[in-house]
Structure formats: C-alpha cells, structure tokens
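Colleague: final26.txt (compact mmCIF, C-alpha atoms) pasted underneath:
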```
# COMPACT_ATOMS: atom_id res chain seq x y z
CA MET A 377 93.58 78.08 101.96
CA ASN A 378 92.58 81.64 101.13
CA TRP A 379 90.70 84.38 102.85
CA HIS A 380 88.07 85.40 100.39
CA VAL A 381 86.68 88.50 102.07
CA PRO A 382 84.91 91.26 100.17
CA ASP A 383 87.17 94.06 98.94
CA THR A 384 87.05 97.16 101.09
CA ASP A 385 89.65 99.85 100.71
CA ASP A 386 89.38 103.39 102.06
CA THR A 387 92.41 104.71 100.15
CA PRO A 388 91.29 107.53 97.79
CA ALA A 389 90.76 106.18 94.27
CA ALA A 390 93.30 108.63 92.79
CA VAL A 391 96.03 107.33 95.12
CA VAL A 392 95.21 103.70 94.31
CA GLU A 393 95.34 104.56 90.59
CA GLU A 394 98.72 106.24 91.03
CA GLN A 395 100.14 103.30 92.93
CA ALA A 396 98.82 100.90 90.29
CA ALA A 397 100.33 103.06 87.53
CA THR A 398 103.69 102.88 89.33
CA TRP A 399 103.86 99.16 90.04
CA ARG A 400 101.83 97.50 87.26
CA PRO A 401 104.32 98.28 84.44
CA LEU A 402 107.21 96.90 86.53
CA ALA A 403 105.31 93.64 87.09
CA GLU A 404 104.39 93.48 83.39
CA ILE A 405 107.95 93.81 82.11
CA THR A 406 109.10 91.37 84.81
CA ARG A 407 106.55 88.82 83.50
CA GLU A 408 108.23 89.19 80.10
CA LEU A 409 111.61 88.66 81.76
CA VAL A 410 110.32 85.52 83.52
CA ASP A 411 109.07 84.19 80.17
CA LEU A 412 112.43 84.90 78.54
CA CYS A 413 114.31 83.14 81.34
CA VAL A 414 112.81 79.93 79.94
CA MET A 415 112.29 80.93 76.27
CA SER A 416 115.36 82.97 75.34
CA ASP A 417 118.14 81.29 73.40
CA VAL A 418 120.76 84.06 73.30
CA ASP A 419 124.43 83.27 73.98
CA ALA A 420 126.16 83.31 77.36
CA GLU A 421 127.53 86.83 76.88
CA GLU A 422 124.07 88.29 76.27
CA VAL A 423 122.74 86.42 79.30
CA ARG A 424 125.50 87.91 81.46
CA ALA A 425 124.71 91.40 80.18
CA ALA A 426 120.98 90.89 80.82
CA ARG A 427 121.78 89.67 84.33
CA ALA A 428 123.75 92.87 85.03
CA HIS A 429 120.68 94.92 84.07
CA VAL A 430 118.47 92.86 86.38
CA GLU A 431 121.02 93.29 89.19
CA ALA A 432 120.83 97.07 88.70
CA ALA A 433 117.03 96.93 88.96
CA VAL A 434 117.23 94.82 92.11
CA ALA A 435 119.74 97.24 93.68
CA ARG A 436 117.28 100.12 93.24
CA LEU A 437 114.22 98.26 94.48
CA ARG A 438 115.89 96.82 97.56
CA LYS A 439 116.75 100.28 98.92
CA VAL A 440 113.45 100.28 100.82
CA ARG A 441 111.89 96.96 101.75
CA ARG A 442 108.50 96.57 103.45
CA THR A 443 108.48 95.12 106.94
CA GLN A 444 105.09 93.53 106.24
CA THR A 445 103.87 91.69 103.16
CA LEU A 446 101.25 93.41 101.00
CA GLY A 447 98.61 91.04 102.39
CA GLN A 448 99.49 91.85 105.99
CA GLU A 449 99.70 95.59 105.38
CA HIS A 450 96.34 95.84 103.68
CA LEU A 451 94.82 93.74 106.44
CA THR A 452 96.22 96.12 109.06
CA GLY A 453 94.53 99.03 107.36
CA GLY A 454 91.23 97.16 107.27
CA ARG A 455 91.59 96.99 103.53
CA ARG A 456 91.81 94.21 101.01
CA ARG A 457 93.75 94.80 97.85
CA PRO A 458 95.27 91.56 96.57
CA TRP A 459 98.10 93.12 94.56
CA GLY A 460 100.60 90.54 95.82
CA ASN A 461 98.45 87.48 95.05
CA PRO A 462 100.30 84.89 92.88
CA VAL A 463 97.26 84.36 90.62
CA ILE A 464 95.56 87.76 90.37
CA GLY A 465 98.08 90.22 91.85
CA LEU A 466 98.87 93.18 89.61
CA ARG A 467 102.22 93.61 91.40
CA ASN A 468 103.10 89.89 91.29
CA PRO A 469 105.02 88.70 88.19
CA ILE A 470 104.21 85.06 89.11
CA ALA A 471 100.52 85.83 88.39
CA PRO A 472 99.57 85.44 84.68
CA PRO A 473 97.62 87.61 85.91
CA VAL A 474 94.09 86.25 86.01
CA GLU A 475 91.25 88.80 86.13
CA VAL A 476 88.12 87.23 87.57
CA ARG A 477 84.57 88.55 86.99
CA SER A 478 81.94 87.35 89.42
CA ASP A 479 78.28 87.99 90.28
CA ALA A 480 76.12 87.75 93.40
CA ASP A 481 74.80 84.33 92.35
CA GLY A 482 78.29 82.99 93.00
CA ARG A 483 79.36 82.58 89.40
CA ALA A 484 82.92 83.51 88.57
CA GLU A 485 84.74 83.38 85.25
CA THR A 486 88.00 84.42 83.69
CA ALA A 487 89.91 84.23 80.42
CA PHE A 488 93.70 84.33 80.59
CA CYS A 489 96.88 83.04 78.98
CA CYS A 490 99.42 80.55 80.37
CA GLY A 491 102.80 80.84 78.64
CA ALA A 492 105.91 78.65 78.74
CA ALA A 493 106.76 79.53 82.36
CA TYR A 494 103.69 77.48 83.45
CA GLU A 495 104.72 74.33 81.55
CA GLY A 496 104.69 70.92 83.22
CA PRO A 497 104.44 68.14 80.63
CA PRO A 498 105.78 69.20 77.21
CA GLY A 499 103.47 71.83 75.75
CA LEU A 500 100.97 71.49 78.59
CA VAL A 501 100.17 73.52 81.71
CA HIS A 502 101.65 72.04 84.93
CA GLY A 503 98.94 70.11 86.79
CA GLY A 504 99.72 72.06 89.95
CA VAL A 505 99.25 75.36 88.11
CA VAL A 506 95.84 74.06 87.02
CA SER A 507 94.97 73.51 90.69
CA LEU A 508 96.41 76.90 91.69
CA ILE A 509 94.18 78.76 89.25
CA LEU A 510 91.05 76.69 89.95
CA ASP A 511 91.49 77.24 93.72
CA GLN A 512 91.59 80.99 93.14
CA VAL A 513 88.51 81.05 90.87
CA LEU A 514 86.54 78.86 93.31
CA GLY A 515 87.38 81.37 96.03
CA HIS A 516 85.98 84.23 93.96
CA ALA A 517 82.72 82.31 93.47
CA VAL A 518 82.14 81.72 97.20
CA ALA A 519 83.13 85.30 98.04
CA ALA A 520 80.77 86.70 95.39
CA ALA A 521 77.94 84.58 96.84
CA GLY A 522 78.51 86.16 100.26
CA ARG A 523 80.02 82.92 101.56
CA PRO A 524 83.70 83.88 101.73
CA GLY A 525 85.89 81.23 103.25
CA MET A 526 89.06 79.30 103.59
CA THR A 527 89.53 76.24 101.39
CA GLY A 528 89.00 73.11 103.52
CA THR A 529 89.33 70.51 100.77
CA LEU A 530 90.22 70.90 97.11
CA THR A 531 89.77 68.05 94.60
CA ILE A 532 90.98 68.27 91.03
CA VAL A 533 90.08 65.72 88.36
CA TYR A 534 92.31 65.95 85.31
CA ARG A 535 90.38 64.99 82.15
CA LYS A 536 93.14 65.64 79.64
CA GLY A 537 96.22 67.78 79.19
CA THR A 538 95.69 71.56 79.32
CA PRO A 539 97.56 73.14 76.38
CA LEU A 540 99.66 76.25 77.01
CA GLY A 541 98.02 79.38 75.60
CA ASP A 542 94.56 80.94 75.94
CA LEU A 543 92.34 79.35 78.57
CA ARG A 544 89.07 79.99 80.39
CA ALA A 545 87.90 79.02 83.85
CA GLU A 546 84.40 79.08 85.34
CA ALA A 547 83.22 78.46 88.90
CA TRP A 548 79.83 78.26 90.58
CA ILE A 549 78.23 77.42 93.92
CA GLU A 550 76.95 73.87 94.30
CA ARG A 551 75.42 73.98 97.79
CA GLU A 552 75.66 75.49 101.24
CA ASP A 553 75.26 73.83 104.62
CA GLY A 554 75.98 75.70 107.85
CA VAL A 555 79.54 76.98 107.79
CA LYS A 556 80.41 74.98 104.66
CA THR A 557 80.04 75.94 101.01
CA TRP A 558 80.62 73.53 98.11
CA ALA A 559 81.74 75.12 94.88
CA ARG A 560 82.70 73.62 91.53
CA ALA A 561 84.87 74.89 88.70
CA HIS A 562 86.34 73.78 85.43
CA LEU A 563 89.15 74.84 83.17
CA LEU A 564 88.68 74.99 79.41
CA GLY A 565 91.16 74.90 76.56
CA PRO A 566 90.38 75.27 72.83
CA ASP A 567 88.99 71.69 72.83
CA GLY A 568 86.79 71.98 75.91
CA VAL A 569 87.05 71.01 79.57
CA THR A 570 90.51 69.83 80.62
CA ALA A 571 90.10 69.73 84.42
CA GLU A 572 87.32 69.89 87.00
CA ALA A 573 87.52 71.06 90.59
CA GLU A 574 85.45 70.85 93.73
CA GLY A 575 86.25 72.99 96.73
CA VAL A 576 84.76 72.90 100.21
CA PHE A 577 85.05 76.31 101.85
CA ILE A 578 84.67 77.00 105.55
CA LEU A 579 83.35 80.37 106.75
CA PRO A 580 86.03 81.91 108.98
CA ARG A 581 85.01 82.77 112.53
CA HIS A 582 85.12 86.56 112.13
CA ILE A 583 82.78 86.31 109.14
CA ARG A 584 80.42 83.94 111.00
CA GLU A 585 80.23 86.40 113.90
CA ARG A 586 79.57 89.32 111.54
CA LEU A 587 76.84 87.42 109.68
CA THR A 588 75.24 86.45 113.01
CA SER A 589 75.23 90.02 114.31
CA GLU A 590 73.91 91.34 110.99
CA ARG A 591 71.08 88.82 111.11
CA SER A 592 70.15 89.66 114.71
CA SER A 593 70.24 93.42 114.03
CA ALA A 594 68.20 93.12 110.82
CA MET B 462 98.93 66.49 85.10
CA ASN B 463 102.63 65.86 84.78
CA TRP B 464 104.82 63.48 82.90
CA HIS B 465 107.01 61.96 85.53
CA VAL B 466 109.43 60.03 83.38
CA PRO B 467 112.92 59.07 84.50
CA ASP B 468 115.61 61.59 83.66
CA THR B 469 117.69 60.68 80.64
CA ASP B 470 119.92 63.20 78.97
CA ASP B 471 122.73 62.38 76.55
CA THR B 472 124.21 65.91 76.52
CA PRO B 473 127.84 65.79 77.78
CA ALA B 474 127.97 66.70 81.49
CA ALA B 475 130.37 69.60 80.85
CA VAL B 476 127.93 71.19 78.40
CA VAL B 477 125.02 70.79 80.82
CA GLU B 478 127.15 72.38 83.56
CA GLU B 479 128.04 75.28 81.31
CA GLN B 480 124.41 75.87 80.36
CA ALA B 481 123.37 75.72 84.01
CA ALA B 482 126.14 78.17 84.93
CA THR B 483 124.81 80.56 82.27
CA TRP B 484 121.09 80.46 83.08
CA ARG B 485 120.89 79.70 86.80
CA PRO B 486 122.26 83.09 87.99
CA LEU B 487 119.80 84.93 85.72
CA ALA B 488 116.88 82.98 87.22
CA GLU B 489 118.23 83.60 90.74
CA ILE B 490 118.46 87.37 90.39
CA THR B 491 115.06 87.38 88.65
CA ARG B 492 113.58 85.57 91.70
CA GLU B 493 114.90 88.45 93.80
CA LEU B 494 113.30 90.90 91.38
CA VAL B 495 109.97 89.05 91.61
CA ASP B 496 110.16 89.23 95.41
CA LEU B 497 110.89 92.96 95.28
CA CYS B 498 107.97 93.60 92.92
CA VAL B 499 105.76 92.78 95.92
CA MET B 500 108.09 93.74 98.81
CA SER B 501 109.85 96.91 97.67
CA ASP B 502 108.60 100.25 98.98
CA VAL B 503 110.79 102.67 96.99
CA ASP B 504 109.27 105.77 95.41
CA ALA B 505 107.81 106.05 91.91
CA GLU B 506 111.01 107.48 90.42
CA GLU B 507 113.10 104.52 91.62
CA VAL B 508 110.47 102.12 90.29
CA ARG B 509 110.64 103.80 86.86
CA ALA B 510 114.44 103.54 86.86
CA ALA B 511 114.29 99.89 87.88
CA ARG B 512 111.78 99.25 85.11
CA ALA B 513 114.16 100.75 82.54
CA HIS B 514 116.86 98.30 83.66
CA VAL B 515 114.46 95.37 83.33
CA GLU B 516 113.44 96.60 79.86
CA ALA B 517 117.13 96.60 78.86
CA ALA B 518 117.48 93.00 80.07
CA VAL B 519 114.36 91.96 78.18
CA ALA B 520 115.64 93.66 74.99
CA ARG B 521 118.79 91.54 75.12
CA LEU B 522 117.09 88.24 75.93
CA ARG B 523 114.40 88.56 73.27
CA LYS B 524 116.97 88.81 70.44
CA VAL B 525 116.76 85.02 70.06
CA ARG B 526 113.60 83.24 71.13
CA ARG B 527 113.13 79.46 71.11
CA THR B 528 110.54 78.06 68.74
CA GLN B 529 109.84 75.24 71.18
CA THR B 530 109.46 75.33 74.94
CA LEU B 531 112.22 73.77 77.05
CA GLY B 532 109.93 70.81 77.76
CA GLN B 533 109.23 70.19 74.08
CA GLU B 534 112.85 70.61 73.05
CA HIS B 535 114.21 68.18 75.61
CA LEU B 536 111.48 65.72 74.67
CA THR B 537 112.51 65.94 70.99
CA GLY B 538 116.06 65.03 71.89
CA GLY B 539 114.86 62.04 73.93
CA ARG B 540 116.04 63.86 77.02
CA ARG B 541 114.34 65.09 80.18
CA ARG B 542 115.76 68.12 81.90
CA PRO B 543 113.02 70.03 83.71
CA TRP B 544 114.76 73.41 83.75
CA GLY B 545 111.57 75.24 82.80
CA ASN B 546 109.35 73.58 85.43
CA PRO B 547 107.47 76.16 87.60
CA VAL B 548 108.27 74.25 90.83
CA ILE B 549 111.74 72.76 90.32
CA GLY B 550 113.09 74.48 87.18
CA LEU B 551 116.52 76.07 87.61
CA ARG B 552 115.74 78.45 84.72
CA ASN B 553 112.24 79.33 85.96
CA PRO B 554 111.98 82.31 88.35
CA ILE B 555 108.43 81.23 89.29
CA ALA B 556 109.95 78.13 90.94
CA PRO B 557 111.08 78.71 94.58
CA PRO B 558 112.93 76.41 93.41
CA VAL B 559 112.17 73.14 95.14
CA GLU B 560 114.88 70.45 95.06
CA VAL B 561 113.37 67.02 95.60
CA ARG B 562 115.31 63.99 96.85
CA SER B 563 113.73 60.61 96.23
CA ASP B 564 114.55 56.90 96.57
CA ALA B 565 113.52 53.69 94.82
CA ASP B 566 110.96 52.91 97.54
CA GLY B 567 108.98 55.87 96.25
CA ARG B 568 109.74 58.26 99.08
CA ALA B 569 110.36 61.88 98.10
CA GLU B 570 111.18 64.85 100.30
CA THR B 571 112.22 68.45 100.02
CA ALA B 572 112.96 71.50 102.15
CA PHE B 573 112.42 74.92 100.60
CA CYS B 574 111.36 78.48 101.30
CA CYS B 575 108.18 80.29 100.19
CA GLY B 576 108.57 84.08 100.30
CA ALA B 577 106.06 86.92 99.95
CA ALA B 578 105.42 86.27 96.25
CA TYR B 579 103.61 83.05 97.23
CA GLU B 580 101.24 84.75 99.71
CA GLY B 581 97.50 84.08 99.66
CA PRO B 582 95.91 84.89 103.04
CA PRO B 583 97.94 87.45 105.01
CA GLY B 584 101.25 85.88 106.07
CA LEU B 585 100.26 82.49 104.68
CA VAL B 586 101.12 80.52 101.54
CA HIS B 587 98.37 80.62 98.87
CA GLY B 588 96.30 77.41 99.04
CA GLY B 589 96.83 76.87 95.32
CA VAL B 590 100.61 77.14 95.74
CA VAL B 591 100.32 74.44 98.42
CA SER B 592 98.60 72.19 95.86
CA LEU B 593 101.14 73.10 93.15
CA ILE B 594 104.08 72.00 95.30
CA LEU B 595 102.38 68.85 96.65
CA ASP B 596 101.44 67.78 93.09
CA GLN B 597 105.09 68.08 92.07
CA VAL B 598 106.43 66.13 95.08
CA LEU B 599 103.83 63.37 94.61
CA GLY B 600 105.02 63.08 91.01
CA HIS B 601 108.62 62.58 92.16
CA ALA B 602 107.50 59.78 94.51
CA VAL B 603 105.69 57.79 91.79
CA ALA B 604 108.53 58.34 89.32
CA ALA B 605 111.13 57.19 91.87
CA ALA B 606 109.08 54.05 92.50
CA GLY B 607 109.21 53.21 88.79
CA ARG B 608 105.52 54.11 88.41
CA PRO B 609 105.78 57.41 86.53
CA GLY B 610 102.47 58.85 85.50
CA MET B 611 100.09 61.63 84.83
CA THR B 612 98.02 62.96 87.71
CA GLY B 613 94.46 61.67 87.34
CA THR B 614 93.01 63.06 90.56
CA LEU B 615 94.56 65.32 93.19
CA THR B 616 92.93 65.91 96.57
CA ILE B 617 94.25 68.43 99.07
CA VAL B 618 93.02 68.66 102.66
CA TYR B 619 94.01 71.92 104.33
CA ARG B 620 94.56 71.40 108.08
CA LYS B 621 95.68 74.91 108.97
CA GLY B 622 97.34 77.91 107.36
CA THR B 623 100.84 77.34 105.96
CA PRO B 624 103.10 80.20 107.14
CA LEU B 625 105.42 81.88 104.63
CA GLY B 626 109.06 80.89 105.20
CA ASP B 627 110.87 77.57 105.56
CA LEU B 628 108.78 74.51 104.76
CA ARG B 629 109.18 70.78 104.16
CA ALA B 630 107.22 68.33 102.04
CA GLU B 631 107.24 64.54 102.03
CA ALA B 632 105.55 62.07 99.69
CA TRP B 633 105.26 58.28 99.58
CA ILE B 634 103.51 55.50 97.67
CA GLU B 635 100.29 54.21 99.22
CA ARG B 636 99.34 51.41 96.80
CA GLU B 637 99.44 50.25 93.19
CA ASP B 638 96.75 48.57 91.14
CA GLY B 639 97.20 47.97 87.41
CA VAL B 640 97.85 51.25 85.65
CA LYS B 641 97.03 53.29 88.78
CA THR B 642 99.29 54.39 91.62
CA TRP B 643 98.03 56.08 94.79
CA ALA B 644 100.52 58.36 96.50
CA ARG B 645 100.21 60.57 99.56
CA ALA B 646 102.09 63.66 100.67
CA HIS B 647 102.06 66.32 103.33
CA LEU B 648 103.42 69.80 103.79
CA LEU B 649 105.01 70.82 107.09
CA GLY B 650 105.61 74.22 108.64
CA PRO B 651 107.41 74.97 111.92
CA ASP B 652 104.33 73.72 113.83
CA GLY B 653 103.80 70.49 111.92
CA VAL B 654 101.54 69.31 109.11
CA THR B 655 99.54 72.08 107.42
CA ALA B 656 98.13 70.20 104.42
CA GLU B 657 97.76 66.64 103.18
CA ALA B 658 97.48 65.40 99.61
CA GLU B 659 96.46 62.26 97.78
CA GLY B 660 97.21 61.80 94.11
CA VAL B 661 96.09 59.07 91.77
CA PHE B 662 98.57 58.67 88.94
CA ILE B 663 97.91 56.85 85.67
CA LEU B 664 100.78 55.15 83.82
CA PRO B 665 100.97 56.73 80.37
CA ARG B 666 100.66 54.37 77.39
CA HIS B 667 104.27 54.62 76.22
CA ILE B 668 105.47 53.66 79.70
CA ARG B 669 102.98 50.78 79.92
CA GLU B 670 104.22 49.46 76.58
CA ARG B 671 107.84 49.76 77.66
CA LEU B 672 107.20 47.98 80.96
CA THR B 673 105.34 45.20 79.13
CA SER B 674 108.15 44.68 76.62
CA GLU B 675 110.75 44.76 79.39
CA ARG B 676 108.79 42.13 81.29
CA SER B 677 108.40 39.86 78.28
CA SER B 678 112.10 40.14 77.36
CA ALA B 679 113.27 39.54 80.96
```
What does this structure look like when you write it as structure tokens?
Modeller:
Amino acid sequence: MNWHVPDTDDTPAAVVEEQAATWRPLAEITRELVDLCVMSDVDAEEVRAARAHVEAAVARLRKVRRTQTLGQEHLTGGRRRPWGNPVIGLRNPIAPPVEVRSDADGRAETAFCCGAAYEGPPGLVHGGVVSLILDQVLGHAVAAAGRPGMTGTLTIVYRKGTPLGDLRAEAWIEREDGVKTWARAHLLGPDGVTAEAEGVFILPRHIRERLTSERSSA
Amino acid sequence: MNWHVPDTDDTPAAVVEEQAATWRPLAEITRELVDLCVMSDVDAEEVRAARAHVEAAVARLRKVRRTQTLGQEHLTGGRRRPWGNPVIGLRNPIAPPVEVRSDADGRAETAFCCGAAYEGPPGLVHGGVVSLILDQVLGHAVAAAGRPGMTGTLTIVYRKGTPLGDLRAEAWIEREDGVKTWARAHLLGPDGVTAEAEGVFILPRHIRERLTSERSSA
C-alpha cells in the first residue's frame, strides 16, 4: 500500500542538491557495508574492528534524530521527496536503489542490480524482494498515468527463479474503472521474464476530491 | 520464490555459535546505521565524519570477499543456514530481522518491529515490504508442514495501512493437492489485520523424489 502522488517540492533546487550531496554518499557506502555483512569472509578480529568503526559512525549520526520520518516530514511541508523509500530512496541503504523512468501513458521501467543481500534461494533473488520491487514499479505506472493510488491487491506469478545481478522491470496500465486502476508489470533477468505482477490501485479520497473539483472548474 | 527446505547443518554447534557471535553484532549495529541514514538530522560535517568511519569499516571487511553467496555456500555443504536472508538473516542488515516460530501442523508466527527504513506511505510500512514479510512467513508454514516449496503465486490483499512499529504475522496451511500447497497468512498491527496473503507453493523436484523414495521404502 503506497501513496503514489505526483512529486511536488517547493524547496529551492540548490538546497535539495546540497542535501542530496550530503546524504547520498553515506547511503552508498552503507549499501557496500550491508553487502559485506553477508559477503565478507575476514576473521573475527577484523569484524570486531569494523564493528567499532560502525559504532563510531552511529554515535555521530544519533546526536540529532528526527521526530518525524522522512515521509511524514515531507508530507507536512506539502512536498513529496521519497528519499527514505526502501526501493527508490537515495537515503535508504535497503534500496538497491531502483531509479524508475515513467511517461504520461502510464509506462514505467527501470534497470537495476540486486546483489547478495537480496538473496532468497541460492543464487536467486528472494521472492518477496521480487514482489517489493514490482509493487513499487506498478505504483510509478499508475502515478505517471494520473491515477495515483494505494495498492488494493497485488498478485505475483513466479515463472522461474530470478538470478542475482542485473535486472529490468517494466509496468503499464491495463485498464481503469471508476476509482480503480489495473496495472501489470514484469521482471526480466538475462533469460527473459522471471515474474509477472498485477496490481489493483484505489484512488485515495483526497485525490478523488481534487480530480472532481478540477473537472468541475475546467 | 524461495526454497523452503528443512534446516540441516553438520557444522559443530560451538563453531556455529562462534560464527554467530562474530557476525550478529556487526549486522545489529549496521541496522542502527541504516535506520539513522533515514532518521538522523545531524549537519553535513557530522555526516561526512560518519561516512569516513563507515568507509574504514568497509575497507576492513572487503579484504576477504566470498566467491559464493552464503546461500550457495551452505547449499554446497549440504547445509541450510539462512544467515543472509533479507527477512530472517542474522547477518543481513536489511532483515528487521524476523524470527519465525512454526510447528508440524504448518502454523507459523512471528512478532517483529518495522522502523522508518521500511516506510512507504507516510508513517506506514511499504506495501512491498508487507508482501516480502508475508512471503517469508508463508514459506515457513509450508516447510514446517513437510511441504517445502517454491512460491508459484503470491496474492496480497491490503485491508488498511500497516503502521510502522510492532507487528505480528501468522501463517497456516489451507490445503494440499499433489505437488501444490495453498497457505494463507495475515499481518497484524495494533488495530488488527492490515493485510492478507495467499501463496501457492510447488514442491521442488528433488523434494518430490525424496518423498517418493521415502514412501516406497517405508
């Protein structure tokens, strides 16, 4: 269930750039650390020393903690900047991150890499990670088509194992009916489609009201 | 799509304990770091200093890198120790982690916490994270029932937003038919069920063959 509302942000571009330049490199090196937590094979002494470095980083960062999450804060300011999102967030080390391109026809696509930290079956992407990414890409498609919404139902059909490594995902609108939008997506590995998704998205009330008032004032 | 095969591991318990004692604390402090990447509000200078500490940790851990993922390595040894799993893995900072209890009737349950790094809509768990966790718990249910398998189809119905914080998940077997097992699960927040899941699991060939030979030798 995601709010897929169009991005609006009234922070000056230079400030946004500066904030991104501050936080993006921290998230990037932390993604490397996450990968090494599962892929490193150094001895116990090295692990202890590495841990001490991470503790020092944590001690600095916890000096000032937000009272609201990034999602709540940006909402408060009437803005939408999904930097904390676990799939696309530039500040979130859990995110691969996925960068999604979309157009007004409701097509969305992305190319990205899933490393060892996303492994479920040996050598393959965890089936739940497959659903996590497809849910996100479906949401971009409906938002791009002007039909932003919350996921009502998500169905994933797994065709074969998705190998770790470079992947692509594509999503498109299937049909619209009242407050509902049906969108489809698939995930592709080097040997073609590995999983297919269908999502039913429900227009949230505040969007329905806005669309209604826009129509009546047009 | 997950391999939900019974755990077998012939490594001496003391060695496993020692390895866990080495890697678990690194994953734990890295989870805190991940949380702070989205929740810290320190200034740019502190962020740069924190980054330098993380770089030092990464430099140590990358001195020896595995040639195989944890999943592949444990498979090679005929063992199954899901330490790299992105939902339950004790070495994986992406994992909350979730600890699942299950019984031979195919019931599985877990209580866990989803912090800000799992946020989708403001204050709510990302819909794809909901599906990631439910897929994992469904897999534990079918494995516990002696019907381990790969997810064929996963359907999630989102009833309402899942708040960040303490959550519970429960899964159970619905029915079995030949190589297929249907299992259901739900996710619960403080106000009850937020999402429901159905998974259809397919017995993998090597398990089917083992079950057949066990039956014929019984």
Colleague: How many Å separate CA of Leu437 in chain A from CA of His514 in chain B?
Modeller: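 Going from CA of Leu437 in chain A over to CA of His514 in chain B, I get 11.1 Å.
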Colleague: Determine, counting all atoms listed in the file, every residue of protein, DNA or RNA that lies within 6 Å of (80.6, 77.4, 106.3) in the file coordinates, then give the result as a count of residues only.
Modeller: 6
Colleague: Go through A:Met526, A:Leu540, A:Ala517, A:Ile470 one by one, measure the shortest atom-to-atom distance of each to chain B using only C-alpha atoms, and give the residue with the smallest value.
Modeller: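 Counting only C-alpha atoms, the residue closest to chain B is A:Ile470.
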Colleague: Quick one: of B:Cys574, B:Ala606, B:Val477, B:Val661, who's nearest to chain A, counting all atoms listed in the file?
Modeller: B:Val661
Colleague: Write out as JSON, numbers by chain which residues come within 8 Å of Gly537 in chain A when counting all atoms listed in the file, dropping same-chain ones fewer than 3 positions away.
Modeller: {"A": [500, 501, 534, 570], "B": [462]}
Colleague: Could you tell me which of A:Asp417, A:Glu574, A:Glu393, A:Glu475 comes closest to chain B if we count all atoms listed in the file?
Modeller: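 Answer, going by the shortest atom-to-atom distance: A:Asp417.
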Colleague: Leaving out Pro583 in chain B and any residue of its chain fewer than 5 positions from it, which residues lie within 8 Å of it when counting all atoms listed in the file, given as number ranges by chain?
Modeller: A: 445-448, 451
Colleague: Could you check how far CA of Arg509 in chain B sits from CA of Glu431 in chain A, in Å to one decimal?
Modeller: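 Computing it gives 15.0 Å between the two atoms.
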Colleague: To one decimal place in Å, what is the distance between CA of Val410 in chain A and CA of Glu495 in chain A?
Modeller: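 Value for the CA of Val410 in chain A-CA of Glu495 in chain A distance: 12.7 Å.
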Colleague: Cys490 in chain A: which residues within 9 Å, counting only C-alpha atoms, same-chain residues fewer than 2 positions away excluded, as a short mmCIF file (atom, residue, chain, number, x, y, z; two decimals) with C-alpha atoms, in the coordinates of the input?
Modeller:
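around_34.cif written:
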```cif
data_model
loop_
_atom_site.label_atom_id
_atom_site.label_comp_id
_atom_site.auth_asym_id
_atom_site.auth_seq_id
_atom_site.Cartn_x
_atom_site.Cartn_y
_atom_site.Cartn_z
CA PRO A 472 99.57 85.44 84.68
CA PHE A 488 93.70 84.33 80.59
CA ALA A 492 105.91 78.65 78.74
CA ALA A 493 106.76 79.53 82.36
CA TYR A 494 103.69 77.48 83.45
CA GLU A 495 104.72 74.33 81.55
CA VAL A 501 100.17 73.52 81.71
CA PRO A 539 97.56 73.14 76.38
CA LEU A 540 99.66 76.25 77.01
CA GLY A 541 98.02 79.38 75.60
CA ASP A 542 94.56 80.94 75.94
CA LEU A 543 92.34 79.35 78.57
#
```
Colleague: Taking 3 positions as the minimum chain separation for residues in the same chain, which residues sit within 6 Å of Ala518 in chain B when counting only C-alpha atoms? Answer as a count of residues only.
Modeller: 4
Colleague: Which one is closest to Ile549 in chain A: A:Arg483, A:His562, A:Arg535, A:Arg581? Count all atoms listed in the file.
Modeller: A:Arg483
Colleague: Which one is closest to Cys413 in chain A: A:Glu394, A:Gly528, A:Arg427, A:Leu508? Count all atoms listed in the file.
Modeller: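 Ranked by minimum distance to Cys413 in chain A, first place goes to A:Arg427.
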Colleague: List every protein, DNA or RNA residue that has an atom no more than 9 Å from (79.7, 76.0, 91.0) in the file's coordinate frame, counting only C-alpha atoms, and report them as a count of residues only.
Modeller: 18
Colleague: Check the smallest atom-to-atom distance from each of B:Arg523, B:His601, B:His667, B:Arg485 to chain A using all atoms listed in the file, then report the winner.
Modeller: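 Looking only at the distances to chain A, the closest residue turns out to be B:Arg523.
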